[in-house]
Amino acid sequence: MLDTKTTGRRKITRRGGRPKAVDVDKLNQHILAAAGDLFMQYGFDGTSMDAVAEKARISKRTIYLRHSDKAELFNTVVYDLMDRFLGPLELNRYEIDDIGEALLAVSRDMVALVIRPEVLALYRLVAFEAQRRPDFGRWITDVRRRPAVQLVATILRRHLDELRLTDVESAAEQFMSLTVDIAARLGAFGTKMTLRQIDGRLKAAVDLFLNGAYLHDLRQVTSSHHSRVAVAAT
């Protein structure tokens, strides 16, 4: 027989309270991952909150508890993707005595980063939405591009005795345009290149940049050399 007194006093253990922070974070990341896949595949207009909820296998109410509307979710997704895809580069990787080798190394790393399929998809998405959301462009410039420009500028400053630059940061911007920007644009437009082709383009870009930046104009040096050869021949 059951002891009714004991049974009456028996406590029933129930789960309650707030969910653990780690569980909340996992859920948030799960929502962002599901939404990110859809936004990059179908864009902002082609993605509905119903589709996000279905892909994440959660209720729309769960999403709306964290994001007030689709625009707010989209902004959060894009910033999260930028943080994950566009990581910083370490300066000590480019402490190389030869400036050409240093610039080639940093351009290789930057281009390898921006031509990844997921980064190109993000690039297309942000470019398409830039008119409606100009804050994306400002954020990329402030948080991602500016540090990259500063990295190149630091490399140039280490070799200023070899260069005739008056504005190092502008020169670094020009270097980025010759290397990273062109690679990102070609990739976003669907132009596919082999690693050998990419490396050839980067070497040519570094040579072109340095030919204009060296303290002594190489074209004058070459011209003087040809003149001496011509005089000797006569």
# chains A, B, ... in the order shown; residues from 1 in each chain; ligands from 1
$ residues_around --residues "range 155-169 of chain A" --least-positions-apart "6" --cutoff "10 Å" --atoms "only C-alpha atoms" --output "CSV table (one decimal) with N, CA and C atoms, in the first residue's frame"
chain,number,residue,atom,x,y,z
A,91,LEU,N,49.2,41.6,-39.1
A,91,LEU,CA,50.3,42.4,-39.7
A,91,LEU,C,51.6,41.7,-39.7
A,94,TYR,N,53.4,40.0,-42.7
A,94,TYR,CA,53.9,40.7,-43.9
A,94,TYR,C,55.2,41.5,-43.5
A,95,GLU,N,55.8,41.1,-42.5
A,95,GLU,CA,57.1,41.8,-42.1
A,95,GLU,C,58.2,41.2,-43.0
A,96,ILE,N,58.2,41.6,-44.2
A,96,ILE,CA,59.1,41.0,-45.2
A,96,ILE,C,60.0,42.2,-45.7
A,97,ASP,N,61.3,41.9,-45.9
A,97,ASP,CA,62.3,42.9,-46.2
A,97,ASP,C,62.0,43.5,-47.6
A,98,ASP,N,61.6,42.7,-48.6
A,98,ASP,CA,61.4,43.1,-49.9
A,98,ASP,C,59.9,43.6,-50.0
A,99,ILE,N,59.8,44.9,-50.4
A,99,ILE,CA,58.4,45.5,-50.4
A,99,ILE,C,57.5,44.8,-51.5
A,102,ALA,N,56.2,41.7,-50.0
A,102,ALA,CA,55.3,42.0,-48.9
A,102,ALA,C,53.9,42.3,-49.5
A,103,LEU,N,53.9,43.2,-50.5
A,103,LEU,CA,52.7,43.6,-51.1
A,103,LEU,C,52.0,42.4,-51.9
A,106,VAL,N,50.3,40.2,-49.1
A,106,VAL,CA,49.1,40.7,-48.5
A,106,VAL,C,48.0,40.7,-49.6
A,146,ARG,N,38.7,49.9,-44.1
A,146,ARG,CA,39.7,50.8,-43.6
A,146,ARG,C,40.9,50.1,-42.9
A,149,VAL,N,43.1,48.8,-45.6
A,149,VAL,CA,43.9,49.9,-46.2
A,149,VAL,C,45.1,50.3,-45.2
A,175,PHE,N,46.3,50.9,-54.3
A,175,PHE,CA,46.8,49.5,-54.3
A,175,PHE,C,45.6,48.5,-54.2
A,210,LEU,N,54.3,49.6,-58.0
A,210,LEU,CA,55.7,50.0,-57.6
A,210,LEU,C,56.4,50.8,-58.7
A,211,ASN,N,56.2,50.5,-59.9
A,211,ASN,CA,56.8,51.3,-61.0
A,211,ASN,C,56.4,52.8,-60.9
A,212,GLY,N,55.2,53.0,-60.4
A,212,GLY,CA,54.8,54.4,-60.2
A,212,GLY,C,55.2,55.0,-58.8
A,213,ALA,N,55.5,54.1,-57.9
A,213,ALA,CA,55.8,54.5,-56.5
A,213,ALA,C,57.2,54.6,-56.1
A,214,TYR,N,58.1,53.9,-56.8
A,214,TYR,CA,59.5,53.9,-56.5
A,214,TYR,C,60.1,55.3,-56.5
A,215,LEU,N,61.0,55.5,-55.7
A,215,LEU,CA,61.7,56.8,-55.6
A,215,LEU,C,62.4,57.2,-56.9
A,216,HIS,N,63.0,56.2,-57.6
A,216,HIS,CA,63.6,56.5,-58.9
A,216,HIS,C,62.7,55.8,-59.9
A,217,ASP,N,62.3,56.7,-60.9
A,217,ASP,CA,61.4,56.2,-62.0
A,217,ASP,C,62.1,55.2,-62.8
$ residues_around --residues "Gly190 in chain A" --least-positions-apart "6" --cutoff "12 Å" --atoms "only C-alpha atoms" --output "JSON, numbers by chain"
{"A": [115, 117, 120, 121, 124, 183, 184]}
$ write_last_selection --atoms "N, CA and C atoms" --output "short mmCIF file (atom, residue, chain, number, x, y, z; two decimals), in the first residue's frame"
data_model
loop_
_atom_site.label_atom_id
_atom_site.label_comp_id
_atom_site.auth_asym_id
_atom_site.auth_seq_id
_atom_site.Cartn_x
_atom_site.Cartn_y
_atom_site.Cartn_z
N ILE A 115 37.31 36.28 -52.78
CA ILE A 115 36.76 35.49 -53.90
C ILE A 115 36.13 34.18 -53.44
N PRO A 117 33.22 31.80 -52.47
CA PRO A 117 31.83 31.87 -52.96
C PRO A 117 30.88 32.56 -51.99
N LEU A 120 31.51 36.34 -52.11
CA LEU A 120 30.99 36.92 -53.35
C LEU A 120 29.47 37.02 -53.30
N ALA A 121 28.82 36.02 -52.73
CA ALA A 121 27.36 36.07 -52.59
C ALA A 121 26.96 37.23 -51.69
N ARG A 124 27.41 40.54 -53.62
CA ARG A 124 26.30 40.80 -54.53
C ARG A 124 25.07 41.29 -53.76
N ALA A 183 39.45 42.03 -58.24
CA ALA A 183 39.16 40.60 -58.05
C ALA A 183 37.74 40.39 -57.55
N ALA A 184 37.29 41.24 -56.61
CA ALA A 184 35.93 41.11 -56.09
C ALA A 184 34.90 41.40 -57.17
#
$ select_by_dssp --residues "range 77-133 of chain A" --states "helix (DSSP H, G or I)" --output "ChimeraX atom specification"
/A:77-85,91-94,99-114,117-129
$ write_last_selection --atoms "C-alpha atoms" --output "mmCIF file, in the first residue's frame"
data_model
loop_
_atom_site.group_PDB
_atom_site.id
_atom_site.type_symbol
_atom_site.label_atom_id
_atom_site.label_comp_id
_atom_site.auth_asym_id
_atom_site.auth_seq_id
_atom_site.Cartn_x
_atom_site.Cartn_y
_atom_site.Cartn_z
ATOM 1 C CA VAL A 77 22.150 38.751 -40.710
ATOM 2 C CA VAL A 78 24.313 40.882 -43.011
ATOM 3 C CA TYR A 79 26.429 42.240 -40.163
ATOM 4 C CA ASP A 80 26.834 38.725 -38.758
ATOM 5 C CA LEU A 81 27.933 37.397 -42.163
ATOM 6 C CA MET A 82 30.419 40.230 -42.597
ATOM 7 C CA ASP A 83 31.917 39.497 -39.209
ATOM 8 C CA ARG A 84 32.317 35.812 -40.036
ATOM 9 C CA PHE A 85 33.443 36.071 -43.648
ATOM 10 C CA LEU A 91 50.306 42.405 -39.687
ATOM 11 C CA ASN A 92 53.236 40.229 -38.610
ATOM 12 C CA ARG A 93 52.623 37.950 -41.607
ATOM 13 C CA TYR A 94 53.922 40.706 -43.885
ATOM 14 C CA ILE A 99 58.416 45.494 -50.450
ATOM 15 C CA GLY A 100 57.306 43.720 -53.629
ATOM 16 C CA GLU A 101 57.112 40.382 -51.847
ATOM 17 C CA ALA A 102 55.278 41.963 -48.897
ATOM 18 C CA LEU A 103 52.668 43.598 -51.142
ATOM 19 C CA LEU A 104 52.251 40.423 -53.154
ATOM 20 C CA ALA A 105 51.734 38.379 -49.975
ATOM 21 C CA VAL A 106 49.099 40.713 -48.518
ATOM 22 C CA SER A 107 47.255 41.006 -51.843
ATOM 23 C CA ARG A 108 47.188 37.219 -52.197
ATOM 24 C CA ASP A 109 45.642 36.827 -48.752
ATOM 25 C CA MET A 110 43.071 39.573 -49.291
ATOM 26 C CA VAL A 111 42.024 38.294 -52.700
ATOM 27 C CA ALA A 112 41.800 34.706 -51.434
ATOM 28 C CA LEU A 113 39.397 36.015 -48.801
ATOM 29 C CA VAL A 114 37.125 38.042 -51.085
ATOM 30 C CA PRO A 117 31.831 31.866 -52.956
ATOM 31 C CA GLU A 118 30.091 32.886 -49.738
ATOM 32 C CA VAL A 119 31.861 36.266 -49.698
ATOM 33 C CA LEU A 120 30.989 36.921 -53.351
ATOM 34 C CA ALA A 121 27.358 36.066 -52.592
ATOM 35 C CA LEU A 122 27.439 38.551 -49.712
ATOM 36 C CA TYR A 123 29.101 41.142 -51.965
ATOM 37 C CA ARG A 124 26.295 40.803 -54.532
ATOM 38 C CA LEU A 125 23.638 41.002 -51.820
ATOM 39 C CA VAL A 126 25.082 44.145 -50.229
ATOM 40 C CA ALA A 127 25.674 45.777 -53.620
ATOM 41 C CA PHE A 128 22.048 45.145 -54.605
ATOM 42 C CA GLU A 129 20.699 46.511 -51.326
#
$ atom_distance --atom1 "CA of Tyr64 in chain A" --atom2 "CA of Phe44 in chain A"
16.7 Å
$ closest_residue --among "A:Leu65, A:Leu73, A:Ala148, A:Ala172" --to "Ala33 in chain A" --atoms "only C-alpha atoms"
A:Leu73
$ atom_distance --atom1 "CA of Asp135 in chain A" --atom2 "CA of Ser48 in chain A"
22.1 Å
$ residues_around --residues "Gly46 in chain A" --least-positions-apart "3" --cutoff "12 Å" --atoms "only C-alpha atoms" --output "list in words"
Ala35, Asp37, Leu38, Phe39, Met40, Gln41, Tyr42, Gly43, Met49, Asp50, Ala51, Val52, Lys70, Phe74 and Leu125 of chain A
$ residues_around --residues "range 54-58 of chain A" --least-positions-apart "4" --cutoff "7 Å" --atoms "only C-alpha atoms" --output "short mmCIF file (atom, residue, chain, number, x, y, z; two decimals) with C-alpha atoms, in the first residue's frame"
data_model
loop_
_atom_site.label_atom_id
_atom_site.label_comp_id
_atom_site.auth_asym_id
_atom_site.auth_seq_id
_atom_site.Cartn_x
_atom_site.Cartn_y
_atom_site.Cartn_z
CA HIS A 30 20.43 29.07 -35.73
CA ILE A 31 17.94 31.75 -36.82
CA ALA A 34 18.74 29.94 -41.68
CA ASP A 50 7.43 32.38 -43.05
CA THR A 62 10.12 32.98 -31.84
#
$ closest_residue --among "A:His67, A:Arg138, A:Arg144, A:Arg116" --to "Lys192 in chain A" --atoms "only C-alpha atoms"
A:Arg116
